[in-house]
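> My file is my_file.pdb. It has PDB, C-alpha atoms and all ligand atoms:
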ATOM      1  CA  MET R  21       8.100  -8.086 -35.500  1.00  0.00           C
ATOM      2  CA  ILE R  22       7.727  -5.574 -38.332  1.00  0.00           C
ATOM      3  CA  GLN R  23       8.263  -1.922 -37.349  1.00  0.00           C
ATOM      4  CA  VAL R  24       6.365   1.014 -38.843  1.00  0.00           C
ATOM      5  CA  ALA R  25       7.767   4.501 -39.465  1.00  0.00           C
ATOM      6  CA  PRO R  26       5.005   6.942 -40.464  1.00  0.00           C
ATOM      7  CA  SER R  27       6.268   9.549 -42.956  1.00  0.00           C
ATOM      8  CA  LEU R  28       5.196  13.054 -41.972  1.00  0.00           C
ATOM      9  CA  LEU R  29       5.418  14.113 -45.630  1.00  0.00           C
ATOM     10  CA  SER R  30       1.789  13.055 -46.067  1.00  0.00           C
ATOM     11  CA  ALA R  31       0.590  14.761 -42.861  1.00  0.00           C
ATOM     12  CA  ASP R  32      -1.347  18.031 -42.894  1.00  0.00           C
ATOM     13  CA  PHE R  33       1.509  20.539 -42.447  1.00  0.00           C
ATOM     14  CA  ALA R  34      -0.936  23.036 -40.966  1.00  0.00           C
ATOM     15  CA  ARG R  35      -1.462  20.491 -38.171  1.00  0.00           C
ATOM     16  CA  LEU R  36       2.001  18.992 -37.844  1.00  0.00           C
ATOM     17  CA  GLY R  37       1.850  18.885 -34.038  1.00  0.00           C
ATOM     18  CA  GLU R  38      -1.300  16.776 -34.154  1.00  0.00           C
ATOM     19  CA  ALA R  39       0.379  14.379 -36.588  1.00  0.00           C
ATOM     20  CA  VAL R  40       3.350  13.951 -34.240  1.00  0.00           C
ATOM     21  CA  SER R  41       0.979  13.399 -31.284  1.00  0.00           C
ATOM     22  CA  MET R  42      -0.835  10.739 -33.300  1.00  0.00           C
ATOM     23  CA  VAL R  43       2.463   8.923 -33.929  1.00  0.00           C
ATOM     24  CA  ASN R  44       3.411   9.290 -30.227  1.00  0.00           C
ATOM     25  CA  THR R  45       0.267   7.452 -29.175  1.00  0.00           C
ATOM     26  CA  SER R  46       0.436   4.826 -31.938  1.00  0.00           C
ATOM     27  CA  ARG R  47       2.343   1.557 -32.220  1.00  0.00           C
ATOM     28  CA  ALA R  48       4.856   3.138 -34.630  1.00  0.00           C
ATOM     29  CA  SER R  49       8.545   2.613 -33.811  1.00  0.00           C
ATOM     30  CA  MET R  50       9.917   5.873 -35.197  1.00  0.00           C
ATOM     31  CA  ILE R  51       8.948   9.044 -37.055  1.00  0.00           C
ATOM     32  CA  HIS R  52      10.197   9.355 -40.648  1.00  0.00           C
ATOM     33  CA  ILE R  53      11.025  12.905 -41.777  1.00  0.00           C
ATOM     34  CA  ASP R  54      11.743  13.664 -45.445  1.00  0.00           C
ATOM     35  CA  VAL R  55      14.218  16.474 -46.095  1.00  0.00           C
ATOM     36  CA  MET R  56      14.494  17.573 -49.757  1.00  0.00           C
ATOM     37  CA  ASP R  57      16.645  20.276 -51.313  1.00  0.00           C
ATOM     38  CA  GLY R  58      15.200  20.782 -54.815  1.00  0.00           C
ATOM     39  CA  MET R  59      18.525  19.593 -56.280  1.00  0.00           C
ATOM     40  CA  PHE R  60      18.923  15.913 -55.460  1.00  0.00           C
ATOM     41  CA  VAL R  61      15.165  15.537 -55.869  1.00  0.00           C
ATOM     42  CA  PRO R  62      12.690  17.850 -57.628  1.00  0.00           C
ATOM     43  CA  ASN R  63      10.903  18.964 -54.469  1.00  0.00           C
ATOM     44  CA  ILE R  64      11.613  21.035 -51.343  1.00  0.00           C
ATOM     45  CA  THR R  65      10.109  20.048 -48.011  1.00  0.00           C
ATOM     46  CA  ILE R  66      11.095  20.181 -44.371  1.00  0.00           C
ATOM     47  CA  GLY R  67      14.290  21.788 -43.007  1.00  0.00           C
ATOM     48  CA  PHE R  68      16.191  21.978 -39.721  1.00  0.00           C
ATOM     49  CA  PRO R  69      13.948  24.417 -37.771  1.00  0.00           C
ATOM     50  CA  VAL R  70      10.922  22.217 -38.433  1.00  0.00           C
ATOM     51  CA  ILE R  71      12.765  19.031 -37.426  1.00  0.00           C
ATOM     52  CA  LYS R  72      13.837  20.809 -34.234  1.00  0.00           C
ATOM     53  CA  ALA R  73      10.239  21.764 -33.471  1.00  0.00           C
ATOM     54  CA  ILE R  74       9.083  18.195 -34.111  1.00  0.00           C
ATOM     55  CA  SER R  75      11.801  16.846 -31.799  1.00  0.00           C
ATOM     56  CA  THR R  76      10.502  18.921 -28.886  1.00  0.00           C
ATOM     57  CA  ILE R  77       7.213  16.990 -28.876  1.00  0.00           C
ATOM     58  CA  ALA R  78       8.208  13.639 -30.459  1.00  0.00           C
ATOM     59  CA  GLU R  79       8.310  10.641 -28.131  1.00  0.00           C
ATOM     60  CA  LYS R  80       9.722   8.289 -30.782  1.00  0.00           C
ATOM     61  CA  PRO R  81      13.132   8.422 -32.477  1.00  0.00           C
ATOM     62  CA  LEU R  82      13.409  10.691 -35.513  1.00  0.00           C
ATOM     63  CA  ASP R  83      14.492   8.903 -38.710  1.00  0.00           C
ATOM     64  CA  VAL R  84      15.657  11.768 -40.925  1.00  0.00           C
ATOM     65  CA  HIS R  85      15.765  10.856 -44.637  1.00  0.00           C
ATOM     66  CA  MET R  86      18.085  13.335 -46.336  1.00  0.00           C
ATOM     67  CA  MET R  87      17.183  13.687 -50.012  1.00  0.00           C
ATOM     68  CA  VAL R  88      19.831  16.358 -50.514  1.00  0.00           C
ATOM     69  CA  ALA R  89      23.107  16.643 -52.439  1.00  0.00           C
ATOM     70  CA  GLU R  90      26.215  15.967 -50.311  1.00  0.00           C
ATOM     71  CA  PRO R  91      24.364  15.457 -47.000  1.00  0.00           C
ATOM     72  CA  GLY R  92      27.712  15.191 -45.200  1.00  0.00           C
ATOM     73  CA  ARG R  93      27.605  19.005 -45.061  1.00  0.00           C
ATOM     74  CA  TYR R  94      24.716  18.851 -42.601  1.00  0.00           C
ATOM     75  CA  VAL R  95      25.631  16.172 -40.051  1.00  0.00           C
ATOM     76  CA  ASP R  96      25.962  18.538 -37.070  1.00  0.00           C
ATOM     77  CA  ARG R  97      22.789  20.406 -37.966  1.00  0.00           C
ATOM     78  CA  VAL R  98      20.771  17.200 -38.279  1.00  0.00           C
ATOM     79  CA  ARG R  99      22.097  16.028 -34.907  1.00  0.00           C
ATOM     80  CA  ASP R 100      21.374  19.404 -33.281  1.00  0.00           C
ATOM     81  CA  ALA R 101      17.839  19.288 -34.692  1.00  0.00           C
ATOM     82  CA  GLY R 102      17.246  16.122 -32.677  1.00  0.00           C
ATOM     83  CA  ALA R 103      17.663  13.235 -35.132  1.00  0.00           C
ATOM     84  CA  GLU R 104      18.513   9.773 -33.882  1.00  0.00           C
ATOM     85  CA  ILE R 105      18.936   8.206 -37.338  1.00  0.00           C
ATOM     86  CA  MET R 106      20.503  10.108 -40.242  1.00  0.00           C
ATOM     87  CA  ASN R 107      19.655   8.481 -43.547  1.00  0.00           C
ATOM     88  CA  VAL R 108      21.856   9.574 -46.496  1.00  0.00           C
ATOM     89  CA  HIS R 109      21.551   8.550 -50.147  1.00  0.00           C
ATOM     90  CA  TRP R 110      24.341   6.469 -51.662  1.00  0.00           C
ATOM     91  CA  GLU R 111      23.890   8.519 -54.866  1.00  0.00           C
ATOM     92  CA  ALA R 112      24.364  11.833 -53.028  1.00  0.00           C
ATOM     93  CA  CYS R 113      27.659  11.127 -51.222  1.00  0.00           C
ATOM     94  CA  THR R 114      31.003  11.433 -53.000  1.00  0.00           C
ATOM     95  CA  HIS R 115      32.769  10.086 -49.883  1.00  0.00           C
ATOM     96  CA  LEU R 116      30.251   7.762 -48.292  1.00  0.00           C
ATOM     97  CA  ASP R 117      32.650   6.133 -45.827  1.00  0.00           C
ATOM     98  CA  ARG R 118      33.619   9.530 -44.420  1.00  0.00           C
ATOM     99  CA  VAL R 119      29.990  10.628 -44.118  1.00  0.00           C
ATOM    100  CA  ILE R 120      28.990   7.428 -42.310  1.00  0.00           C
ATOM    101  CA  HIS R 121      31.788   7.812 -39.763  1.00  0.00           C
ATOM    102  CA  THR R 122      30.974  11.492 -39.269  1.00  0.00           C
ATOM    103  CA  ILE R 123      27.352  10.572 -38.511  1.00  0.00           C
ATOM    104  CA  ARG R 124      28.436   7.901 -35.997  1.00  0.00           C
ATOM    105  CA  ASP R 125      30.950  10.264 -34.360  1.00  0.00           C
ATOM    106  CA  ALA R 126      28.195  12.890 -34.036  1.00  0.00           C
ATOM    107  CA  GLY R 127      26.223  10.421 -31.912  1.00  0.00           C
ATOM    108  CA  MET R 128      23.606   9.360 -34.455  1.00  0.00           C
ATOM    109  CA  ARG R 129      22.849   5.993 -36.063  1.00  0.00           C
ATOM    110  CA  PRO R 130      24.020   5.980 -39.708  1.00  0.00           C
ATOM    111  CA  ALA R 131      21.772   4.683 -42.481  1.00  0.00           C
ATOM    112  CA  VAL R 132      22.222   4.586 -46.254  1.00  0.00           C
ATOM    113  CA  THR R 133      19.416   4.848 -48.785  1.00  0.00           C
ATOM    114  CA  LEU R 134      19.472   3.323 -52.277  1.00  0.00           C
ATOM    115  CA  ASN R 135      17.391   4.638 -55.169  1.00  0.00           C
ATOM    116  CA  PRO R 136      15.389   2.021 -57.109  1.00  0.00           C
ATOM    117  CA  ALA R 137      18.078   1.706 -59.833  1.00  0.00           C
ATOM    118  CA  THR R 138      21.070   1.472 -57.465  1.00  0.00           C
ATOM    119  CA  PRO R 139      22.301  -2.112 -56.914  1.00  0.00           C
ATOM    120  CA  VAL R 140      22.407  -3.563 -53.398  1.00  0.00           C
ATOM    121  CA  MET R 141      25.934  -4.858 -54.068  1.00  0.00           C
ATOM    122  CA  PHE R 142      27.250  -1.262 -53.991  1.00  0.00           C
ATOM    123  CA  LEU R 143      26.930  -1.567 -50.181  1.00  0.00           C
ATOM    124  CA  ARG R 144      29.136  -4.646 -49.846  1.00  0.00           C
ATOM    125  CA  ASP R 145      32.150  -2.737 -48.500  1.00  0.00           C
ATOM    126  CA  ILE R 146      30.209  -0.495 -46.085  1.00  0.00           C
ATOM    127  CA  ILE R 147      27.365  -2.709 -44.830  1.00  0.00           C
ATOM    128  CA  ARG R 148      29.042  -3.592 -41.512  1.00  0.00           C
ATOM    129  CA  GLU R 149      29.220   0.115 -40.621  1.00  0.00           C
ATOM    130  CA  LEU R 150      25.500   0.723 -41.135  1.00  0.00           C
ATOM    131  CA  ASP R 151      22.715   0.515 -38.574  1.00  0.00           C
ATOM    132  CA  MET R 152      20.112   0.570 -41.324  1.00  0.00           C
ATOM    133  CA  VAL R 153      19.734   0.386 -45.104  1.00  0.00           C
ATOM    134  CA  LEU R 154      16.730   2.085 -46.690  1.00  0.00           C
ATOM    135  CA  LEU R 155      15.616   0.692 -50.037  1.00  0.00           C
ATOM    136  CA  MET R 156      13.521   3.181 -51.997  1.00  0.00           C
ATOM    137  CA  SER R 157      10.529   1.437 -53.532  1.00  0.00           C
ATOM    138  CA  VAL R 158       9.585   4.597 -55.479  1.00  0.00           C
ATOM    139  CA  ASN R 159      11.721   7.308 -57.047  1.00  0.00           C
ATOM    140  CA  PRO R 160      12.285   9.791 -54.188  1.00  0.00           C
ATOM    141  CA  GLY R 161      10.681  13.217 -54.107  1.00  0.00           C
ATOM    142  CA  PHE R 162       6.975  12.729 -53.549  1.00  0.00           C
ATOM    143  CA  GLY R 163       4.509  10.776 -51.439  1.00  0.00           C
ATOM    144  CA  GLY R 164       1.660   8.752 -52.857  1.00  0.00           C
ATOM    145  CA  GLN R 165       3.520   6.992 -55.701  1.00  0.00           C
ATOM    146  CA  SER R 166       3.131   3.343 -56.737  1.00  0.00           C
ATOM    147  CA  PHE R 167       5.360   0.620 -55.321  1.00  0.00           C
ATOM    148  CA  ILE R 168       8.090  -0.657 -57.698  1.00  0.00           C
ATOM    149  CA  PRO R 169       7.864  -4.505 -57.580  1.00  0.00           C
ATOM    150  CA  ASN R 170      11.595  -5.058 -58.282  1.00  0.00           C
ATOM    151  CA  THR R 171      12.154  -3.872 -54.682  1.00  0.00           C
ATOM    152  CA  LEU R 172      11.236  -7.363 -53.476  1.00  0.00           C
ATOM    153  CA  ARG R 173      14.222  -8.882 -55.272  1.00  0.00           C
ATOM    154  CA  LYS R 174      16.453  -6.184 -53.738  1.00  0.00           C
ATOM    155  CA  VAL R 175      15.164  -6.927 -50.223  1.00  0.00           C
ATOM    156  CA  ARG R 176      16.051 -10.605 -50.650  1.00  0.00           C
ATOM    157  CA  GLU R 177      19.483  -9.685 -52.019  1.00  0.00           C
ATOM    158  CA  LEU R 178      20.122  -7.286 -49.129  1.00  0.00           C
ATOM    159  CA  ARG R 179      18.992  -9.906 -46.594  1.00  0.00           C
ATOM    160  CA  ALA R 180      21.471 -12.367 -48.137  1.00  0.00           C
ATOM    161  CA  LEU R 181      24.287  -9.770 -48.031  1.00  0.00           C
ATOM    162  CA  ILE R 182      23.562  -9.024 -44.365  1.00  0.00           C
ATOM    163  CA  GLU R 183      23.693 -12.722 -43.504  1.00  0.00           C
ATOM    164  CA  GLU R 184      26.799 -13.340 -45.570  1.00  0.00           C
ATOM    165  CA  THR R 185      28.686 -10.466 -43.918  1.00  0.00           C
ATOM    166  CA  GLY R 186      27.360 -11.152 -40.419  1.00  0.00           C
ATOM    167  CA  SER R 187      26.174  -7.554 -40.020  1.00  0.00           C
ATOM    168  CA  GLU R 188      23.216  -6.457 -37.924  1.00  0.00           C
ATOM    169  CA  THR R 189      21.910  -3.886 -40.355  1.00  0.00           C
ATOM    170  CA  VAL R 190      18.169  -3.306 -40.347  1.00  0.00           C
ATOM    171  CA  ILE R 191      16.256  -3.214 -43.660  1.00  0.00           C
ATOM    172  CA  GLU R 192      13.837  -0.303 -44.153  1.00  0.00           C
ATOM    173  CA  ILE R 193      11.529   0.213 -47.148  1.00  0.00           C
ATOM    174  CA  ASP R 194      10.131   3.558 -48.309  1.00  0.00           C
ATOM    175  CA  GLY R 195       7.492   4.231 -50.943  1.00  0.00           C
ATOM    176  CA  GLY R 196       4.092   2.840 -51.829  1.00  0.00           C
ATOM    177  CA  VAL R 197       3.805   0.761 -48.667  1.00  0.00           C
ATOM    178  CA  ASN R 198       0.249  -0.269 -47.796  1.00  0.00           C
ATOM    179  CA  LEU R 199      -1.685  -3.379 -46.774  1.00  0.00           C
ATOM    180  CA  SER R 200      -1.391  -4.768 -50.321  1.00  0.00           C
ATOM    181  CA  THR R 201       2.372  -4.311 -50.766  1.00  0.00           C
ATOM    182  CA  ALA R 202       3.528  -4.962 -47.174  1.00  0.00           C
ATOM    183  CA  PRO R 203       3.013  -8.754 -46.904  1.00  0.00           C
ATOM    184  CA  ALA R 204       5.530  -9.572 -49.663  1.00  0.00           C
ATOM    185  CA  LEU R 205       8.015  -7.084 -48.169  1.00  0.00           C
ATOM    186  CA  ILE R 206       7.750  -8.720 -44.754  1.00  0.00           C
ATOM    187  CA  GLU R 207       8.090 -12.137 -46.357  1.00  0.00           C
ATOM    188  CA  ALA R 208      11.212 -10.980 -48.253  1.00  0.00           C
ATOM    189  CA  GLY R 209      12.874  -9.816 -45.029  1.00  0.00           C
ATOM    190  CA  ALA R 210      12.022  -6.155 -44.398  1.00  0.00           C
ATOM    191  CA  ASP R 211      12.329  -4.915 -40.792  1.00  0.00           C
ATOM    192  CA  VAL R 212      10.933  -1.368 -40.984  1.00  0.00           C
ATOM    193  CA  LEU R 213       8.176  -0.075 -43.279  1.00  0.00           C
ATOM    194  CA  VAL R 214       7.903   3.662 -43.943  1.00  0.00           C
ATOM    195  CA  ALA R 215       4.324   4.632 -44.762  1.00  0.00           C
ATOM    196  CA  GLY R 216       3.107   8.111 -45.670  1.00  0.00           C
ATOM    197  CA  SER R 217      -0.127   8.377 -47.636  1.00  0.00           C
ATOM    198  CA  TYR R 218      -1.324   4.989 -46.366  1.00  0.00           C
ATOM    199  CA  VAL R 219      -1.160   6.214 -42.744  1.00  0.00           C
ATOM    200  CA  PHE R 220      -2.116   9.872 -43.058  1.00  0.00           C
ATOM    201  CA  GLY R 221      -4.735   9.241 -45.725  1.00  0.00           C
ATOM    202  CA  ALA R 222      -6.509   6.729 -43.490  1.00  0.00           C
ATOM    203  CA  ASP R 223      -9.691   7.570 -41.579  1.00  0.00           C
ATOM    204  CA  ASN R 224      -8.036   6.018 -38.538  1.00  0.00           C
ATOM    205  CA  PRO R 225      -4.222   6.382 -38.687  1.00  0.00           C
ATOM    206  CA  HIS R 226      -3.742   4.496 -35.383  1.00  0.00           C
ATOM    207  CA  LYS R 227      -5.579   1.524 -36.842  1.00  0.00           C
ATOM    208  CA  ALA R 228      -3.724   1.803 -40.168  1.00  0.00           C
ATOM    209  CA  ILE R 229      -0.406   1.491 -38.301  1.00  0.00           C
ATOM    210  CA  ALA R 230      -1.680  -1.382 -36.143  1.00  0.00           C
ATOM    211  CA  ASP R 231      -3.018  -3.204 -39.227  1.00  0.00           C
ATOM    212  CA  LEU R 232       0.468  -3.179 -40.803  1.00  0.00           C
ATOM    213  CA  ILE R 233       1.989  -4.583 -37.618  1.00  0.00           C
ATOM    214  CA  GLU R 234      -0.722  -7.229 -37.303  1.00  0.00           C
ATOM    215  CA  LEU R 235       0.144  -8.531 -40.805  1.00  0.00           C
ATOM    216  CA  ASP R 236       3.314  -9.903 -39.238  1.00  0.00           C
ATOM    217  CA  VAL R 237       1.776 -11.979 -36.442  1.00  0.00           C
TER     218      VAL R 237
HETATM  219  C1  LIG P 301       9.396   9.887 -50.892  1.00  0.00           C
HETATM  220  C2  LIG P 301       9.629   9.854 -49.407  1.00  0.00           C
HETATM  221  C3  LIG P 301       8.710   8.963 -48.667  1.00  0.00           C
HETATM  222  C4  LIG P 301       7.249   9.297 -48.818  1.00  0.00           C
HETATM  223  C5  LIG P 301       6.528   7.996 -48.891  1.00  0.00           C
HETATM  224  O1  LIG P 301      10.465  10.473 -51.531  1.00  0.00           O
HETATM  225  O2  LIG P 301      10.951   9.429 -49.109  1.00  0.00           O
HETATM  226  O3  LIG P 301       9.071   8.839 -47.297  1.00  0.00           O
HETATM  227  O4  LIG P 301       6.712  10.061 -47.789  1.00  0.00           O
HETATM  228  O5  LIG P 301       5.195   8.231 -49.161  1.00  0.00           O
HETATM  229  P1  LIG P 301       4.180   7.061 -49.501  1.00  0.00           P
HETATM  230  O6  LIG P 301       4.171   6.112 -48.331  1.00  0.00           O
HETATM  231  O7  LIG P 301       2.896   7.775 -49.692  1.00  0.00           O
HETATM  232  O8  LIG P 301       4.685   6.390 -50.753  1.00  0.00           O
HETATM  233 ZN    ZN P 302      11.416   8.975 -46.985  1.00  0.00          ZN
END
Is it possible to give me this structure as structure tokens?


Amino acid sequence: MIQVAPSLLSADFARLGEAVSMVNTSRASMIHIDVMDGMFVPNITIGFPVIKAISTIAEKPLDVHMMVAEPGRYVDRVRDAGAEIMNVHWEACTHLDRVIHTIRDAGMRPAVTLNPATPVMFLRDIIRELDMVLLMSVNPGFGGQSFIPNTLRKVRELRALIEETGSETVIEIDGGVNLSTAPALIEAGADVLVAGSYVFGADNPHKAIADLIELDV
């Protein structure tokens, strides 16, 4: 069954509590939170105090996507803010193995994100340590961008790597997910779909989430 992770980046930040309540009462599996530092990506968004506030009302696990340089510096702060999953970019970690083990030791589930131009095979020697791999299907930094079709080939390649290595890593996709792009992603082997503008731009976000899940039945 496909899982949906609504991205709060496309929510109305003046009504963030209402957005979290919507996700709580929806069929979403987790809440995706995009942290940006203005260095790794050309945008600045949510930080630790806001994640902490979200965690006090969230009833679903927080999937924190760290679009920051050297995210290993922030493992304890992400954990203390209430994250269950800490998602770090392959491109942002000089010592990825160390960061992954630090995240696990801190009590969170480690995940690694790949930018659109980063090959799946760069994960071969770390895949067994990862609870989740996030494939970016847009260049990170902004919501509402168009899906990059080459992602489908990467999903199939990642699925093959997971099977070959006997790992239980979950495949998550982020960027340009909607009812048009989701079917091929599900078919290719995605497990979790992040959706920002598709969910929060919908007249009925509950239905938008349910419609994605229903594609898979
Ligand atoms: C982009 C973020 C995404 C973003 C997706 O850098 O990582 O999570 O919110 O937005 P949509 O679903 O609108 O492409
Ligand atoms: Zn994201």

> Please list as a list in words every residue within 8 Å of region 211-214 of chain R, counting only C-alpha atoms and excluding residues in the same chain fewer than 4 positions away.

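Contacts, in chain order: Met21, Ile22, Gln23, Val24, Ala25, Pro26, Ser27, His52, Val190, Ile191, Glu192, Ile193, Asp194, Gly195, Val197, Ala202 and Ile206 of chain R.
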
> Quick one: residues within 10 Å of Tyr218 (chain R), all atoms listed in the file, excluding same-chain residues fewer than 2 positions away - as a PyMOL selection string?

chain R and resi 26-27+30+163-164+195-199+214-216+220-223+225+228-229

> Which polymer residues, protein or nucleic acid, are no farther than 7 Å from (12.7, 6.8, -33.0), counting all atoms listed in the file, as an MDAnalysis selection string?

chainID R and resid 49:51 80:83 104

> Determine, counting only C-alpha atoms, which protein, DNA and RNA residues have an atom within 7 Å of an atom of Ala103 (chain R); residues of the same chain fewer than 2 positions away are not included. Present the result as a ChimeraX atom specification.

/R:82-84,98-99,101,105-106

> Under the rule that only C-alpha atoms and all ligand atoms are counted, which of R:Ala131, R:Met59, R:Ala34, R:Val219 is the nearest residue to ligand LIG 301 (chain P)?

R:Val219

> How many Å separate atom C3 of ligand LIG 301 (chain P) from CA of Arg173 (chain R)?

19.8 Å

> Complete region 225-233 of chain R with all heavy atoms (output as a short mmCIF file (atom, residue, chain, number, x, y, z; two decimals), keeping the file's coordinate frame).


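Final output, saved to result.cif:
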data_model
loop_
_atom_site.label_atom_id
_atom_site.label_comp_id
_atom_site.auth_asym_id
_atom_site.auth_seq_id
_atom_site.Cartn_x
_atom_site.Cartn_y
_atom_site.Cartn_z
N PRO R 225 -5.66 6.65 -38.54
CA PRO R 225 -4.22 6.38 -38.69
C PRO R 225 -3.68 5.40 -37.64
O PRO R 225 -2.82 4.58 -37.97
CB PRO R 225 -3.59 7.76 -38.53
CG PRO R 225 -4.66 8.72 -38.94
CD PRO R 225 -5.95 8.10 -38.46
N HIS R 226 -4.19 5.46 -36.41
CA HIS R 226 -3.74 4.50 -35.38
C HIS R 226 -4.01 3.07 -35.85
O HIS R 226 -3.16 2.19 -35.73
CB HIS R 226 -4.49 4.72 -34.06
CG HIS R 226 -4.00 5.89 -33.28
ND1 HIS R 226 -4.75 7.02 -33.10
CD2 HIS R 226 -2.85 6.10 -32.62
CE1 HIS R 226 -4.06 7.89 -32.36
NE2 HIS R 226 -2.91 7.36 -32.06
N LYS R 227 -5.20 2.86 -36.39
CA LYS R 227 -5.58 1.52 -36.84
C LYS R 227 -4.76 1.13 -38.08
O LYS R 227 -4.35 -0.03 -38.22
CB LYS R 227 -7.07 1.47 -37.16
CG LYS R 227 -7.56 0.10 -37.61
CD LYS R 227 -9.07 0.04 -37.74
CE LYS R 227 -9.55 -1.36 -38.09
NZ LYS R 227 -9.00 -1.86 -39.37
N ALA R 228 -4.51 2.10 -38.96
CA ALA R 228 -3.72 1.80 -40.17
C ALA R 228 -2.33 1.29 -39.78
O ALA R 228 -1.83 0.33 -40.37
CB ALA R 228 -3.61 3.06 -41.04
N ILE R 229 -1.73 1.92 -38.78
CA ILE R 229 -0.41 1.49 -38.30
C ILE R 229 -0.51 0.11 -37.67
O ILE R 229 0.29 -0.80 -37.97
CB ILE R 229 0.16 2.52 -37.29
CG1 ILE R 229 0.46 3.85 -38.01
CG2 ILE R 229 1.39 1.98 -36.58
CD1 ILE R 229 0.70 5.03 -37.09
N ALA R 230 -1.50 -0.08 -36.81
CA ALA R 230 -1.68 -1.38 -36.14
C ALA R 230 -1.94 -2.49 -37.17
O ALA R 230 -1.42 -3.60 -37.02
CB ALA R 230 -2.82 -1.30 -35.14
N ASP R 231 -2.71 -2.19 -38.21
CA ASP R 231 -3.02 -3.20 -39.23
C ASP R 231 -1.75 -3.69 -39.93
O ASP R 231 -1.63 -4.88 -40.24
CB ASP R 231 -3.99 -2.64 -40.28
CG ASP R 231 -5.41 -2.52 -39.74
OD1 ASP R 231 -5.69 -3.07 -38.66
OD2 ASP R 231 -6.24 -1.86 -40.41
N LEU R 232 -0.81 -2.77 -40.19
CA LEU R 232 0.47 -3.18 -40.80
C LEU R 232 1.23 -4.12 -39.87
O LEU R 232 1.78 -5.13 -40.31
CB LEU R 232 1.34 -1.95 -41.09
CG LEU R 232 1.17 -1.20 -42.39
CD1 LEU R 232 2.19 -0.05 -42.47
CD2 LEU R 232 1.33 -2.11 -43.60
N ILE R 233 1.25 -3.76 -38.59
CA ILE R 233 1.99 -4.58 -37.62
C ILE R 233 1.33 -5.95 -37.47
O ILE R 233 2.02 -6.99 -37.40
CB ILE R 233 2.08 -3.84 -36.25
CG1 ILE R 233 2.91 -2.57 -36.42
CG2 ILE R 233 2.65 -4.75 -35.16
CD1 ILE R 233 2.85 -1.62 -35.25
#
